[in-house]
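First up is the structure itself, then whatever we jot down about it.
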Amino acid sequence: MSEDTHRATAAALLPLVGGAPNVTSVAHCMTRLRLGVRDRSLVRDEELKALPAVMGVVEDGSTYQIVLGPGAVTRVTPAFETLLAQARDASERETGGAETGAAERETAAAEPESAPPTATPLTTAQRTSTTRPTTAEHLAAQGAALKARRKARNATPVKLFLRRVANVFVPLIPALIGCGIVAGINGLLTNLGWLPSVVPALTAIASGFMSLIAVFVGYHTAKEFGGTPVLGGAVAAVIVFPGVTHLTAFGRHLSPGQGGVLGALAAALLAVQVEKRCRKRIPEALDVLLTPTLTVLVTGLVTLFGLMYVAGEAATAIGSSATWLLAHGGAAAGSLLGGLFLPLVMLGLHQALIPLHATLIQQQGYTVLLPILAMAGAGQVGAALAVYVRLPRNRSVRTTIKSALPAGFLGVGEPLIYGVSLPLGRPFVTACLGGAFGGGFIGLFHQLGDTVGATAIGPSGWALFPLIQGNHGIVSTLVVYATGLAVGYLTGFLATYLFGFSKQMRTDLNTPPQTPERPESPERPESTETPEAPEPAHTAEAPEAADTATAAPAAPSATTRTPAGT
């Protein structure tokens with residue numbers, strides 16, 4: 001897409017998230033624009049989902065995430081930040097900016113009240129004669145309700161902590177991907193014996209970031225948990241300092257990098273606590289001198305004589321356990337990991353895997369877990385394809401699947417999970433079965449000695465191909481990964497096609513949306529909106545009229561906003 005297209009996308013997004021005054025922070029990961037918002041009620045979900053460039057939206061803790069896909073998000077984010085800065089500058093220059101902003105916020109807040117995006121589809125579904133959703137709008141409403149319940153269940157201290165730990169690694173993903181791809185190219189050149197004079201340079205480029213990743217982890221940990229970022233980086237830098245070889249802890253000599261990202265994470269968390277306590281107790285006149293000094297000194301000593309050794313032992317155990325699990329468990333271990341990953345995502349426990357991936361990458365050069373877990377996305381895609389085939393007369397659901405499949409192939413699964421498989425129930429289970437078979441295939445080859453790993457975290461599905469690496473030739477490793485994806489697609493498709501629907505489900509979901517409405521209005525077959533105009537419940541009937549129109553579901557996620565906009 002051109003720069004004008006990205007700017008247009010950013011311009012369309014800004015008012016739908018409540019305008020510049022409602023945005024508190026802007027960041028992005030591999031596929032999502034992550035926004036901090038002041039007032040969640042000002043965000044217009046359905047209109048956002050209806051934008052062509054938006055693959056879906058995800059609300060995760062304190063951030064509102066808009067799925068734009070790989071590549072697009074890195075271009076839309078700078079345009080969005082530019083528009084945001086321009087809007088804020090303009091409001092500061094205008095004398096009446098505050099009053100105007102308040103009026104706009106009141107208008108934006110009033111719009112969801114006049115056309116609630118989720119309540120009306122559920123009411124419509126309740127008034128129909130079926131017990132199953134018959135349109136993508138109903139599925140989206142059920143998916144939103146499931147997501148809300150999941151969010152409430154996951155708002156426990158442990159899961160919120162894991163989410164914040166995962167946020168530490170999000171800014172590191174672009175560097176992990178870039179260095180991982182360079183490492184893959186370097187390995188290929190080394191195996192082929194090409195460009196021997198360039199190989200050392202590529203080695204330095206690929207390894208430089210990984211040798212200092214502990215510093216970056218410490219910096220972002222302190223930033224995420226409310227400390228001074230540079231102090232977190234300073235105490236984590238102790239871990240990679242070459243001079244630690246002259247020190248001993250628990251009777252053993254330390255080595256540079258011992259403890260890795262786990263040690264850096266623990267050191268920075270301790271530094272945040274020390275700093276906060278110093279800020280409370282030290283007088284303001286001495287704070288600027290004593291607080292950073294005590295933070296670095298106390299945390300540095302604890303890191304050198306405790307955390308490095310403990311974290312090093314933990315990191316070694318993680319690497320050994322992952323290798324042992326796949327070497328001995330093989331297909332069974334792979335099936336377990338691939339089949340349970342989607343439920344782990346639903347429970348919010350997948351956040352705990354990110355430090356494990358980073359530890360394995362630092363130790364072994366790649367993580368053997370990520371390609372197996374990526375099979376869960378393959379099962380999800382296969383299940384969605386089966387739903388598409390099984391519901392030939394449900395144009396609304398099929399439109400949703402067609403729009404979400406490209407993102408699904410690239411490893412972005414939320415639109416398919418919350419828009420299709422999870423609300424339907426059975427297809428979510430059969431999608432997990434597809435992930436289990438795909439993961440079992442990868443695990444079997446690992447047991448046979450053909451390891452498949454990923455040199456970075458973040459991408460999945462087809463987007464993971466440039467980062468695939470193993471202990472054999474790159475071609476054979478890529479073939480194993482591609483075949484694993486194919487197994488996941490095929491198993492997810494067949495399991496969903498054969499077992500994903502009961503007879504009643506197929507009947508309900510294949511019923512044209514207008515059929516349940518005909519008994520209610522037998523005397524007005526040609527016009528549904530004009531006679532409804534004088535009725536007091538017009539706002540409740542408008543989405544229903546949109547559902548009954550066979551050509552209405554042009555945007556899969558837009559529900560009540562579509563009739564309001566027309």
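Residues in the structure tokens are numbered from 1 in each chain, the chains being A, B, ... in the order shown, and ligands are numbered from 1 in the order shown.
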
> Which parts of stretch 192-306 of chain A does DSSP call strand (DSSP E) when run on the backbone here, written out as a ChimeraX atom specification?
Replying inline: /A:248-249,252-253

Would you export the selected residues with N, CA, C and O atoms as an mmCIF file, in the first residue's frame, please?
data_model
loop_
_atom_site.group_PDB
_atom_site.id
_atom_site.type_symbol
_atom_site.label_atom_id
_atom_site.label_comp_id
_atom_site.auth_asym_id
_atom_site.auth_seq_id
_atom_site.Cartn_x
_atom_site.Cartn_y
_atom_site.Cartn_z
ATOM 1 N N THR A 248 33.005 -15.056 42.404
ATOM 2 C CA THR A 248 32.411 -16.377 42.643
ATOM 3 C C THR A 248 31.132 -16.209 43.444
ATOM 4 O O THR A 248 31.001 -15.307 44.273
ATOM 5 N N ALA A 249 30.189 -17.076 43.180
ATOM 6 C CA ALA A 249 28.930 -17.105 43.929
ATOM 7 C C ALA A 249 28.559 -18.554 44.155
ATOM 8 O O ALA A 249 28.553 -19.360 43.203
ATOM 9 N N ARG A 252 31.139 -21.017 42.858
ATOM 10 C CA ARG A 252 31.401 -21.165 41.420
ATOM 11 C C ARG A 252 31.722 -19.812 40.805
ATOM 12 O O ARG A 252 31.165 -18.797 41.208
ATOM 13 N N HIS A 253 32.599 -19.829 39.816
ATOM 14 C CA HIS A 253 32.928 -18.608 39.105
ATOM 15 C C HIS A 253 31.755 -18.194 38.216
ATOM 16 O O HIS A 253 31.119 -19.042 37.582
#

>> Please report the interatomic distance between atom CA of A:Gln447 and atom CA of A:Leu340 in Å with one decimal.
In response: 19.8 Å

> Which residues come within 8 Å of stretch 403-411 of chain A, counting only C-alpha atoms, excluding same-chain residues fewer than 3 positions away, as a list in words?
Replying inline: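 Final neighbour list, sorted by chain and number: Met55, Gly69, Pro70, Ala374, Gly377, Ala378, Gln380, Val381, Ala384, Thr399, Thr400, Pro415, Leu416, Pro459, Ser460, Gly461, Trp462, Ala463 and Pro556 of chain A.
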
Skipping near chain neighbours, those fewer than 4 positions away, what residues fall within 7 Å of A:Thr430 using only C-alpha atoms, listed as a CSV table (one decimal) with N, CA, C and O atoms, in the first residue's frame?
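Output file selection_27.csv follows:
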chain,number,residue,atom,x,y,z
A,383,ALA,N,-9.9,-25.2,10.6
A,383,ALA,CA,-11.3,-25.2,11.1
A,383,ALA,C,-12.2,-24.2,10.4
A,383,ALA,O,-13.3,-24.4,10.1
A,426,ARG,N,-17.9,-26.1,19.1
A,426,ARG,CA,-17.3,-27.3,18.5
A,426,ARG,C,-16.1,-27.0,17.6
A,426,ARG,O,-15.1,-27.7,17.7
A,434,GLY,N,-6.6,-29.9,15.4
A,434,GLY,CA,-5.6,-29.7,14.3
A,434,GLY,C,-4.3,-29.2,14.8
A,434,GLY,O,-3.2,-29.7,14.3
A,492,GLY,N,-7.4,-29.9,11.1
A,492,GLY,CA,-8.4,-29.0,11.5
A,492,GLY,C,-9.6,-28.9,10.6
A,492,GLY,O,-10.7,-28.8,11.1
A,495,ALA,N,-11.5,-32.5,10.9
A,495,ALA,CA,-12.1,-32.7,12.2
A,495,ALA,C,-13.4,-31.8,12.3
A,495,ALA,O,-14.4,-32.2,12.8
A,496,THR,N,-13.2,-30.6,11.8
A,496,THR,CA,-14.4,-29.6,11.9
A,496,THR,C,-15.4,-30.0,10.9
A,496,THR,O,-16.6,-30.0,11.2
A,500,GLY,N,-17.5,-31.0,13.6
A,500,GLY,CA,-17.6,-29.7,14.2
A,500,GLY,C,-19.1,-29.1,14.3
A,500,GLY,O,-19.3,-28.1,14.9
